[in-house]
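A.B. asks: This is data-v4.pdb (PDB, C-alpha atoms and all ligand atoms).
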MODEL        1
ATOM      1  CA  MET A   6     117.674 107.925 124.417
ATOM      2  CA  ASN A   7     115.558 108.562 127.514
ATOM      3  CA  LEU A   8     113.278 105.742 128.534
ATOM      4  CA  LEU A   9     109.777 106.335 127.290
ATOM      5  CA  GLN A  10     106.229 105.499 128.091
ATOM      6  CA  ILE A  11     105.060 103.540 125.058
ATOM      7  CA  THR A  12     101.457 102.547 124.492
ATOM      8  CA  VAL A  13     100.764  99.680 122.109
ATOM      9  CA  VAL A  14      97.204  99.508 120.749
ATOM     10  CA  GLY A  15      96.062  96.000 119.752
ATOM     11  CA  ALA A  16      97.261  92.905 121.637
ATOM     12  CA  GLY A  17      97.312  90.458 118.723
ATOM     13  CA  VAL A  18     100.311  88.816 117.057
ATOM     14  CA  MET A  19     102.282  92.074 116.684
ATOM     15  CA  GLY A  20     101.018  93.969 119.746
ATOM     16  CA  LYS A  21     102.212  91.221 122.116
ATOM     17  CA  GLY A  22     105.632  91.171 120.484
ATOM     18  CA  LEU A  23     105.939  94.955 120.558
ATOM     19  CA  ALA A  24     104.974  95.145 124.243
ATOM     20  CA  TYR A  25     107.547  92.459 125.118
ATOM     21  CA  ASN A  26     110.319  94.097 123.079
ATOM     22  CA  CYS A  27     109.658  97.594 124.482
ATOM     23  CA  ALA A  28     109.576  96.273 128.072
ATOM     24  CA  VAL A  29     112.835  94.275 127.888
ATOM     25  CA  SER A  30     114.462  97.394 126.394
ATOM     26  CA  GLY A  31     113.589  99.319 129.569
ATOM     27  CA  HIS A  32     110.572 101.331 128.423
ATOM     28  CA  GLU A  33     107.336 101.600 130.424
ATOM     29  CA  VAL A  34     104.549  99.940 128.440
ATOM     30  CA  PHE A  35     100.780 100.031 128.293
ATOM     31  CA  LEU A  36      99.283  97.267 126.154
ATOM     32  CA  ASN A  37      95.727  98.080 125.090
ATOM     33  CA  ASP A  38      93.091  95.922 123.439
ATOM     34  CA  LYS A  39      89.347  96.504 123.425
ATOM     35  CA  ASN A  40      88.861  92.789 124.074
ATOM     36  CA  GLU A  41      89.535  91.796 127.726
ATOM     37  CA  GLU A  42      89.943  88.103 126.833
ATOM     38  CA  ILE A  43      92.619  88.864 124.248
ATOM     39  CA  LEU A  44      94.350  91.117 126.779
ATOM     40  CA  ALA A  45      94.371  88.337 129.413
ATOM     41  CA  LYS A  46      95.756  85.875 126.840
ATOM     42  CA  ALA A  47      98.428  88.392 125.842
ATOM     43  CA  LYS A  48      99.480  88.790 129.508
ATOM     44  CA  LYS A  49      99.909  85.025 129.859
ATOM     45  CA  GLU A  50     101.874  84.707 126.627
ATOM     46  CA  ILE A  51     104.176  87.657 127.370
ATOM     47  CA  GLU A  52     104.903  86.316 130.868
ATOM     48  CA  LYS A  53     105.695  82.909 129.355
ATOM     49  CA  LEU A  54     108.033  84.497 126.796
ATOM     50  CA  LEU A  55     109.786  86.460 129.575
ATOM     51  CA  GLU A  56     110.268  83.260 131.577
ATOM     52  CA  VAL A  57     111.628  81.295 128.616
ATOM     53  CA  SER A  58     113.948  84.179 127.658
ATOM     54  CA  PHE A  59     115.271  84.312 131.222
ATOM     55  CA  GLN A  60     115.723  80.515 131.453
ATOM     56  CA  LYS A  61     117.652  80.563 128.177
ATOM     57  CA  SER A  62     119.770  83.532 129.441
ATOM     58  CA  PHE A  63     118.606  85.874 126.670
ATOM     59  CA  ILE A  64     117.669  88.364 129.420
ATOM     60  CA  THR A  65     119.042  88.900 132.946
ATOM     61  CA  GLU A  66     117.045  88.337 136.125
ATOM     62  CA  GLU A  67     116.914  92.113 136.608
ATOM     63  CA  THR A  68     115.441  92.644 133.122
ATOM     64  CA  PHE A  69     113.001  89.772 133.668
ATOM     65  CA  GLU A  70     111.698  91.357 136.893
ATOM     66  CA  SER A  71     111.623  94.945 135.632
ATOM     67  CA  ALA A  72     109.981  94.020 132.302
ATOM     68  CA  LYS A  73     107.310  91.980 134.088
ATOM     69  CA  ASN A  74     106.455  94.976 136.261
ATOM     70  CA  SER A  75     106.665  97.573 133.530
ATOM     71  CA  ILE A  76     103.858  96.244 131.299
ATOM     72  CA  LYS A  77     100.339  97.336 132.198
ATOM     73  CA  PHE A  78      97.402  95.675 130.462
ATOM     74  CA  GLU A  79      94.561  98.156 129.949
ATOM     75  CA  SER A  80      91.370  97.920 127.922
ATOM     76  CA  GLU A  81      90.495 101.636 128.221
ATOM     77  CA  LEU A  82      92.364 103.560 125.544
ATOM     78  CA  ASN A  83      92.073 106.897 127.363
ATOM     79  CA  ILE A  84      93.855 105.446 130.416
ATOM     80  CA  ALA A  85      96.435 103.530 128.347
ATOM     81  CA  ALA A  86      97.420 106.435 126.091
ATOM     82  CA  LYS A  87      97.008 109.622 128.123
ATOM     83  CA  ASP A  88     100.639 109.945 129.311
ATOM     84  CA  ALA A  89     102.366 108.195 126.409
ATOM     85  CA  ASN A  90     105.415 109.688 124.683
ATOM     86  CA  LEU A  91     104.852 107.285 121.800
ATOM     87  CA  VAL A  92     101.844 105.231 120.720
ATOM     88  CA  ILE A  93     102.325 102.309 118.336
ATOM     89  CA  GLU A  94      99.038 101.194 116.797
ATOM     90  CA  ALA A  95      98.875  97.474 115.891
ATOM     91  CA  VAL A  96      95.194  96.769 115.238
ATOM     92  CA  LEU A  97      93.772  94.994 112.182
ATOM     93  CA  GLU A  98      94.880  96.156 108.744
ATOM     94  CA  ASN A  99      91.756  98.219 108.096
ATOM     95  CA  MET A 100      91.977 101.899 107.206
ATOM     96  CA  ASP A 101      88.652 102.961 108.778
ATOM     97  CA  LEU A 102      89.585 101.275 112.065
ATOM     98  CA  LYS A 103      93.065 102.792 112.084
ATOM     99  CA  ILE A 104      91.678 106.272 111.370
ATOM    100  CA  SER A 105      89.094 105.980 114.149
ATOM    101  CA  ILE A 106      91.862 105.003 116.606
ATOM    102  CA  PHE A 107      94.152 107.850 115.520
ATOM    103  CA  LYS A 108      91.293 110.339 115.915
ATOM    104  CA  GLN A 109      90.785 109.107 119.489
ATOM    105  CA  LEU A 110      94.529 109.175 120.184
ATOM    106  CA  ASP A 111      94.737 112.729 118.858
ATOM    107  CA  ARG A 112      92.144 113.777 121.465
ATOM    108  CA  ILE A 113      93.584 111.718 124.347
ATOM    109  CA  CYS A 114      97.347 112.231 123.997
ATOM    110  CA  ASN A 115      99.530 115.255 124.733
ATOM    111  CA  PRO A 116     100.181 117.447 121.695
ATOM    112  CA  GLU A 117     103.862 116.303 121.649
ATOM    113  CA  THR A 118     103.067 112.579 121.592
ATOM    114  CA  ILE A 119     104.277 110.778 118.468
ATOM    115  CA  LEU A 120     101.658 108.513 116.894
ATOM    116  CA  ALA A 121     103.014 105.554 114.926
ATOM    117  CA  THR A 122     101.212 102.862 112.966
ATOM    118  CA  ASN A 123     102.595  99.347 112.515
ATOM    119  CA  THR A 124     100.660  98.976 109.254
ATOM    120  CA  SER A 125     102.263  96.599 106.735
ATOM    121  CA  THR A 126     100.970  98.415 103.674
ATOM    122  CA  MET A 127      98.832 101.484 104.365
ATOM    123  CA  SER A 128      99.331 105.230 104.063
ATOM    124  CA  PRO A 129     100.556 107.192 107.104
ATOM    125  CA  THR A 130      99.666 110.339 105.107
ATOM    126  CA  GLU A 131      96.001 109.305 104.963
ATOM    127  CA  ILE A 132      95.968 108.439 108.670
ATOM    128  CA  GLY A 133      97.886 111.574 109.710
ATOM    129  CA  ALA A 134      95.560 113.839 107.714
ATOM    130  CA  GLN A 135      92.708 112.872 110.050
ATOM    131  CA  THR A 136      94.614 114.207 113.087
ATOM    132  CA  SER A 137      95.648 117.700 114.140
ATOM    133  CA  ARG A 138      99.321 116.583 114.101
ATOM    134  CA  PRO A 139     100.185 115.025 110.715
ATOM    135  CA  ASP A 140     103.829 116.052 111.307
ATOM    136  CA  LYS A 141     103.911 113.681 114.299
ATOM    137  CA  VAL A 142     102.384 110.678 112.516
ATOM    138  CA  VAL A 143     104.691 108.044 111.028
ATOM    139  CA  ALA A 144     104.620 104.339 110.174
ATOM    140  CA  MET A 145     106.987 102.086 112.097
ATOM    141  CA  HIS A 146     106.714  98.716 110.371
ATOM    142  CA  PHE A 147     108.059  95.998 112.668
ATOM    143  CA  PHE A 148     108.346  92.327 111.741
ATOM    144  CA  ASN A 149     107.176  89.064 113.229
ATOM    145  CA  PRO A 150     108.346  87.798 115.712
ATOM    146  CA  VAL A 151     109.192  91.310 116.888
ATOM    147  CA  HIS A 152     111.889  90.361 119.410
ATOM    148  CA  LYS A 153     113.810  88.326 116.817
ATOM    149  CA  MET A 154     113.509  90.460 113.685
ATOM    150  CA  LYS A 155     116.090  93.197 113.239
ATOM    151  CA  LEU A 156     114.351  95.582 110.834
ATOM    152  CA  VAL A 157     111.981  98.520 111.241
ATOM    153  CA  GLU A 158     110.786 100.319 108.137
ATOM    154  CA  VAL A 159     110.320 103.948 109.150
ATOM    155  CA  VAL A 160     107.841 105.262 106.616
ATOM    156  CA  ARG A 161     107.583 108.978 106.079
ATOM    157  CA  GLY A 162     104.142 110.339 105.201
ATOM    158  CA  LEU A 163     103.847 113.554 103.171
ATOM    159  CA  GLU A 164     103.669 115.780 106.276
ATOM    160  CA  THR A 165     105.840 113.697 108.660
ATOM    161  CA  SER A 166     108.534 115.983 110.097
ATOM    162  CA  ASP A 167     112.290 115.261 110.094
ATOM    163  CA  GLU A 168     112.149 115.305 113.913
ATOM    164  CA  THR A 169     109.499 112.578 113.944
ATOM    165  CA  VAL A 170     111.510 110.421 111.523
ATOM    166  CA  GLU A 171     114.641 110.869 113.680
ATOM    167  CA  PHE A 172     112.663 110.023 116.822
ATOM    168  CA  ALA A 173     111.298 106.839 115.199
ATOM    169  CA  LYS A 174     114.858 105.825 114.255
ATOM    170  CA  GLU A 175     116.109 106.486 117.804
ATOM    171  CA  VAL A 176     113.278 104.440 119.278
ATOM    172  CA  SER A 177     114.095 101.627 116.820
ATOM    173  CA  ALA A 178     117.744 101.713 117.948
ATOM    174  CA  SER A 179     116.669 101.612 121.612
ATOM    175  CA  LEU A 180     114.785  98.388 120.737
ATOM    176  CA  LYS A 181     118.003  97.053 119.138
ATOM    177  CA  LYS A 182     116.626  97.293 115.619
ATOM    178  CA  GLU A 183     118.066  98.652 112.397
ATOM    179  CA  ALA A 184     115.861 101.214 110.688
ATOM    180  CA  VAL A 185     115.511 101.932 106.996
ATOM    181  CA  GLU A 186     113.781 105.118 105.876
ATOM    182  CA  VAL A 187     111.131 104.677 103.215
ATOM    183  CA  ASN A 188     109.080 107.284 101.408
ATOM    184  CA  GLU A 189     105.448 106.323 101.512
ATOM    185  CA  PHE A 190     104.176 104.063  98.735
ATOM    186  CA  PRO A 191     101.739 101.148  99.240
ATOM    187  CA  GLY A 192     103.463  98.120 100.784
ATOM    188  CA  PHE A 193     106.698 100.076 101.445
ATOM    189  CA  VAL A 194     109.724  97.923 100.476
ATOM    190  CA  THR A 195     109.142  94.632 102.248
ATOM    191  CA  SER A 196     105.384  93.946 102.031
ATOM    192  CA  ARG A 197     105.256  95.002  98.395
ATOM    193  CA  MET A 198     107.842  92.341  97.540
ATOM    194  CA  ASN A 199     106.908  89.683 100.089
ATOM    195  CA  CYS A 200     103.156  89.675  99.395
ATOM    196  CA  LEU A 201     103.882  89.016  95.727
ATOM    197  CA  ILE A 202     106.154  86.046  96.518
ATOM    198  CA  GLY A 203     103.634  84.604  98.993
ATOM    199  CA  ASN A 204     100.721  85.026  96.588
ATOM    200  CA  GLU A 205     102.655  83.303  93.781
ATOM    201  CA  ALA A 206     103.457  80.389  96.120
ATOM    202  CA  MET A 207      99.725  80.080  96.928
ATOM    203  CA  ASN A 208      98.850  80.172  93.206
ATOM    204  CA  MET A 209     101.393  77.379  92.585
ATOM    205  CA  LEU A 210      99.905  75.286  95.373
ATOM    206  CA  MET A 211      96.407  75.837  93.930
ATOM    207  CA  GLU A 212      97.612  74.873  90.439
ATOM    208  CA  GLY A 213      99.164  71.645  91.794
ATOM    209  CA  VAL A 214     102.737  72.628  90.844
ATOM    210  CA  ALA A 215     104.101  71.117  94.086
ATOM    211  CA  SER A 216     103.058  70.422  97.671
ATOM    212  CA  ALA A 217     103.226  73.218 100.289
ATOM    213  CA  LYS A 218     106.199  71.471 101.871
ATOM    214  CA  ASP A 219     108.096  71.218  98.594
ATOM    215  CA  ILE A 220     107.340  74.819  97.541
ATOM    216  CA  ASP A 221     108.741  76.002 100.878
ATOM    217  CA  LYS A 222     111.700  73.617 100.677
ATOM    218  CA  ALA A 223     112.539  74.849  97.174
ATOM    219  CA  MET A 224     112.590  78.466  98.308
ATOM    220  CA  LYS A 225     114.695  77.694 101.392
ATOM    221  CA  LEU A 226     117.280  75.404  99.823
ATOM    222  CA  GLY A 227     117.295  76.823  96.299
ATOM    223  CA  LEU A 228     116.957  80.540  96.954
ATOM    224  CA  ASN A 229     118.293  80.710 100.510
ATOM    225  CA  HIS A 230     115.097  82.119 102.072
ATOM    226  CA  PRO A 231     115.172  81.464 105.842
ATOM    227  CA  MET A 232     111.481  80.492 105.775
ATOM    228  CA  GLY A 233     109.266  79.230 102.978
ATOM    229  CA  PRO A 234     106.601  81.704 101.741
ATOM    230  CA  LEU A 235     103.727  79.454 102.883
ATOM    231  CA  GLU A 236     105.221  78.924 106.358
ATOM    232  CA  LEU A 237     105.697  82.676 106.579
ATOM    233  CA  ALA A 238     102.096  83.399 105.555
ATOM    234  CA  ASP A 239     100.907  81.002 108.288
ATOM    235  CA  LEU A 240     103.075  82.863 110.818
ATOM    236  CA  VAL A 241     101.771  86.283 109.731
ATOM    237  CA  GLY A 242      98.125  85.128 109.863
ATOM    238  CA  LEU A 243      96.180  84.432 106.670
ATOM    239  CA  ASP A 244      93.472  86.978 107.567
ATOM    240  CA  THR A 245      96.137  89.659 107.965
ATOM    241  CA  ARG A 246      97.832  88.591 104.730
ATOM    242  CA  LEU A 247      94.503  88.741 102.869
ATOM    243  CA  ARG A 248      93.883  92.294 104.136
ATOM    244  CA  ASN A 249      97.396  93.252 102.974
ATOM    245  CA  MET A 250      96.755  91.742  99.528
ATOM    246  CA  GLU A 251      93.361  93.450  99.222
ATOM    247  CA  TYR A 252      94.911  96.850  99.977
ATOM    248  CA  LEU A 253      97.784  96.290  97.528
ATOM    249  CA  TYR A 254      95.353  95.036  94.860
ATOM    250  CA  GLN A 255      93.255  98.158  95.353
ATOM    251  CA  THR A 256      96.251 100.536  95.240
ATOM    252  CA  LEU A 257      98.803  98.818  92.966
ATOM    253  CA  GLY A 258      96.576  96.767  90.663
ATOM    254  CA  GLU A 259      96.116  93.387  89.082
ATOM    255  CA  LYS A 260      99.366  91.665  89.995
ATOM    256  CA  TYR A 261      98.309  91.814  93.660
ATOM    257  CA  ARG A 262      94.932  90.088  93.154
ATOM    258  CA  PRO A 263      94.637  87.785  96.215
ATOM    259  CA  CYS A 264      94.995  84.081  95.371
ATOM    260  CA  PRO A 265      91.523  82.386  95.554
ATOM    261  CA  LEU A 266      93.011  79.678  97.781
ATOM    262  CA  LEU A 267      93.954  82.337 100.365
ATOM    263  CA  VAL A 268      90.418  83.729 100.235
ATOM    264  CA  LYS A 269      88.968  80.218 100.665
ATOM    265  CA  TYR A 270      91.209  79.413 103.662
ATOM    266  CA  VAL A 271      90.235  82.634 105.432
ATOM    267  CA  LYS A 272      86.529  81.922 104.804
ATOM    268  CA  ALA A 273      87.035  78.490 106.401
ATOM    269  CA  GLY A 274      88.686  80.039 109.464
ATOM    270  CA  ARG A 275      92.093  78.568 108.582
ATOM    271  CA  LEU A 276      94.100  81.586 109.678
ATOM    272  CA  GLY A 277      97.531  79.957 110.026
ATOM    273  CA  LYS A 278      99.501  79.322 113.189
ATOM    274  CA  LYS A 279      97.211  81.414 115.416
ATOM    275  CA  SER A 280      94.126  79.299 114.612
ATOM    276  CA  GLY A 281      95.922  75.914 114.549
ATOM    277  CA  SER A 282      95.830  75.387 110.773
ATOM    278  CA  GLY A 283      96.615  77.181 107.544
ATOM    279  CA  PHE A 284      98.878  75.728 104.863
ATOM    280  CA  TYR A 285     100.159  73.489 107.690
ATOM    281  CA  LYS A 286      98.673  72.079 110.907
ATOM    282  CA  TYR A 287      99.862  73.237 114.348
ATOM    283  CA  ASN A 288      99.369  71.892 117.857
TER     284      ASN A 288
HETATM  285  P1  LIG B   1      95.891  90.529 114.942
HETATM  286  O1  LIG B   1      94.635  90.238 114.231
HETATM  287  O2  LIG B   1      96.707  89.419 115.486
HETATM  288  O3  LIG B   1      95.628  91.548 116.147
HETATM  289  C1  LIG B   1      94.873  92.724 116.042
HETATM  290  C2  LIG B   1      94.345  93.091 117.422
HETATM  291  O4  LIG B   1      93.705  94.367 117.342
HETATM  292  C3  LIG B   1      93.299  92.102 117.976
HETATM  293  O5  LIG B   1      93.748  91.620 119.221
HETATM  294  C4  LIG B   1      92.040  92.967 118.150
HETATM  295  O6  LIG B   1      91.267  92.616 119.294
HETATM  296  C5  LIG B   1      92.661  94.345 118.293
HETATM  297  N1  LIG B   1      91.720  95.439 118.032
HETATM  298  C6  LIG B   1      90.786  95.519 117.051
HETATM  299  N2  LIG B   1      90.098  96.686 117.178
HETATM  300  C7  LIG B   1      90.637  97.331 118.246
HETATM  301  C8  LIG B   1      90.353  98.571 118.883
HETATM  302  N3  LIG B   1      89.397  99.385 118.431
HETATM  303  N4  LIG B   1      91.084  98.922 119.970
HETATM  304  C9  LIG B   1      92.065  98.108 120.446
HETATM  305  N5  LIG B   1      92.369  96.913 119.881
HETATM  306  C10 LIG B   1      91.657  96.539 118.802
HETATM  307  O7  LIG B   1      96.758  91.422 113.906
HETATM  308  P2  LIG B   1      98.357  91.495 113.769
HETATM  309  O8  LIG B   1      98.819  90.377 112.912
HETATM  310  O9  LIG B   1      98.963  91.738 115.103
HETATM  311  O10 LIG B   1      98.496  92.825 112.871
HETATM  312  C11 LIG B   1      98.362  94.112 113.436
HETATM  313  C12 LIG B   1      98.947  95.138 112.476
HETATM  314  O11 LIG B   1     100.348  94.860 112.288
HETATM  315  C13 LIG B   1      98.312  95.126 111.093
HETATM  316  O12 LIG B   1      98.276  96.441 110.606
HETATM  317  C14 LIG B   1      99.280  94.258 110.277
HETATM  318  O13 LIG B   1      99.242  94.524 108.902
HETATM  319  C15 LIG B   1     100.610  94.666 110.907
HETATM  320  N6  LIG B   1     101.703  93.683 110.796
HETATM  321  C16 LIG B   1     101.461  92.352 110.976
HETATM  322  C17 LIG B   1     102.510  91.446 110.896
HETATM  323  C18 LIG B   1     102.296  89.966 111.127
HETATM  324  O14 LIG B   1     103.211  89.169 110.827
HETATM  325  N7  LIG B   1     101.158  89.522 111.647
HETATM  326  C19 LIG B   1     103.815  91.903 110.628
HETATM  327  C20 LIG B   1     104.029  93.276 110.479
HETATM  328  C21 LIG B   1     102.968  94.159 110.577
ENDMDL
END
Kindly present the structure from the file in structure tokens form.
C.D. replies:
Amino acid sequence: MNLLQITVVGAGVMGKGLAYNCAVSGHEVFLNDKNEEILAKAKKEIEKLLEVSFQKSFITEETFESAKNSIKFESELNIAAKDANLVIEAVLENMDLKISIFKQLDRICNPETILATNTSTMSPTEIGAQTSRPDKVVAMHFFNPVHKMKLVEVVRGLETSDETVEFAKEVSASLKKEAVEVNEFPGFVTSRMNCLIGNEAMNMLMEGVASAKDIDKAMKLGLNHPMGPLELADLVGLDTRLRNMEYLYQTLGEKYRPCPLLVKYVKAGRLGKKSGSGFYKYN
């Protein structure tokens, strides 16, 4: 596929990974965040990741140089998104926030621009309905860490066109990912399953069934999961996981009620790896 200009909105855990992955795949990237400090931190972390990837020979010197130059860090959305072929939104899992960003993008971007959301659970139909181009709105659900994880769930909203779905699959392939097509339903395939496993692990920890380490070890060695559910929740971010659970609880019912221990940890500011502690401690 032709190289694109891709704008990523939100420079948190996923936005940084998306910007890195798009840039090393040859696309021109704008990374946007409303918070200048977060944007500066993202620049540092992406440059570090590029350096490490080059030192370990995961990328060539040419890719290292071109990727470094192809990412622009921009806090003004109208500058970051005005010439984009594709925008991937990766802000907090909050429907009102996502809708307000898509409304702005709909005004700023060319009528042909495809608008994708990296939501883990939410409805691209609901988001698309607030724009003048619901046929060009789709969810592209990437995984964390973006440059290592192979899957993208391409989630078709009610009005998403076949062309948009095909485009999202082609973009996924250009990023060296495998796409699966999913018809919209809360939590898609992966989050619907994974949130339930994670929540059950948290309930077990709260009930004193086993330590966090042993729950994770049991799942890795007994059920062949590459990561334990509590380690994975720490990697995702416990605030993000709680928002996912709240949405699934609201849309799919009782079995998704967030574990009280998760709620307590988020209240305490224990957000997982990004804050230095969650179910485990990090340096
Ligand atoms: P995060 O909290 O790490 O980052 C969100 C970023 O959005 C923050 O930097 C914040 O400053 C920024 N933001 C908030 N309002 C904004 C605005 N108006 N304009 C621009 N930027 C704004 O969140 P995250 O973990 O990266 O998750 C982002 C999305 O990706 C969520 O929808 C989440 O469900 C989804 N997701 C997360 C993971 C994961 O493992 N963390 C995996 C797959 C999908």
A.B. asks: Please list as a PyMOL selection string every residue within 9 Å of region 17-29 of chain A, counting all atoms listed in the file and excluding residues in the same chain fewer than 3 positions away.
C.D. replies: chain A and resi 11-14+32-38+43-44+47-48+50-52+54-55+64+68-69+71-76+93-97+123+147-152+179-180+241-242+279
A.B. asks: So what do you get for CA of Phe59 (chain A) versus CA of Ala178 (chain A), distance-wise?
C.D. replies: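 CA of Ala178 (chain A) lies at a distance of 22.0 Å from CA of Phe59 (chain A).
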A.B. asks: Could you tell me, as a VMD selection string, exactly which residues end up selected when the PyMOL selection byres (((chain A and resi 127) around 8) and not hetatm) is applied to this structure?
C.D. replies: chain A and resid 98 100 124 to 126 128 to 129 191 to 192 252
A.B. asks: Ranking A:Val157, A:Leu201, A:Ala134, A:Met224 by minimum distance to ligand LIG 1 (chain B) and counting only C-alpha atoms and all ligand atoms, which one comes first?
C.D. replies: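 Closest to ligand LIG 1 (chain B) of all the choices is A:Val157.
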A.B. asks: Hey, which of A:Val271, A:Pro265, A:Glu189, A:Leu9 ends up closest to Glu212 (chain A)? Count only C-alpha atoms.
C.D. replies: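 Looking at the shortest contact to Glu212 (chain A), the residue is A:Pro265.
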A.B. asks: Write out as a list in words each polymer residue whose atoms come within 10 Å of Ile104 (chain A), counting all atoms listed in the file; drop sequence neighbours fewer than 2 positions from it.
C.D. replies: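 Everything that qualifies: Asn99, Met100, Asp101, Leu102, Ile106, Phe107, Lys108, Gln109, Leu110, Pro129, Glu131, Ile132, Gly133, Ala134, Gln135 and Thr136 of chain A.
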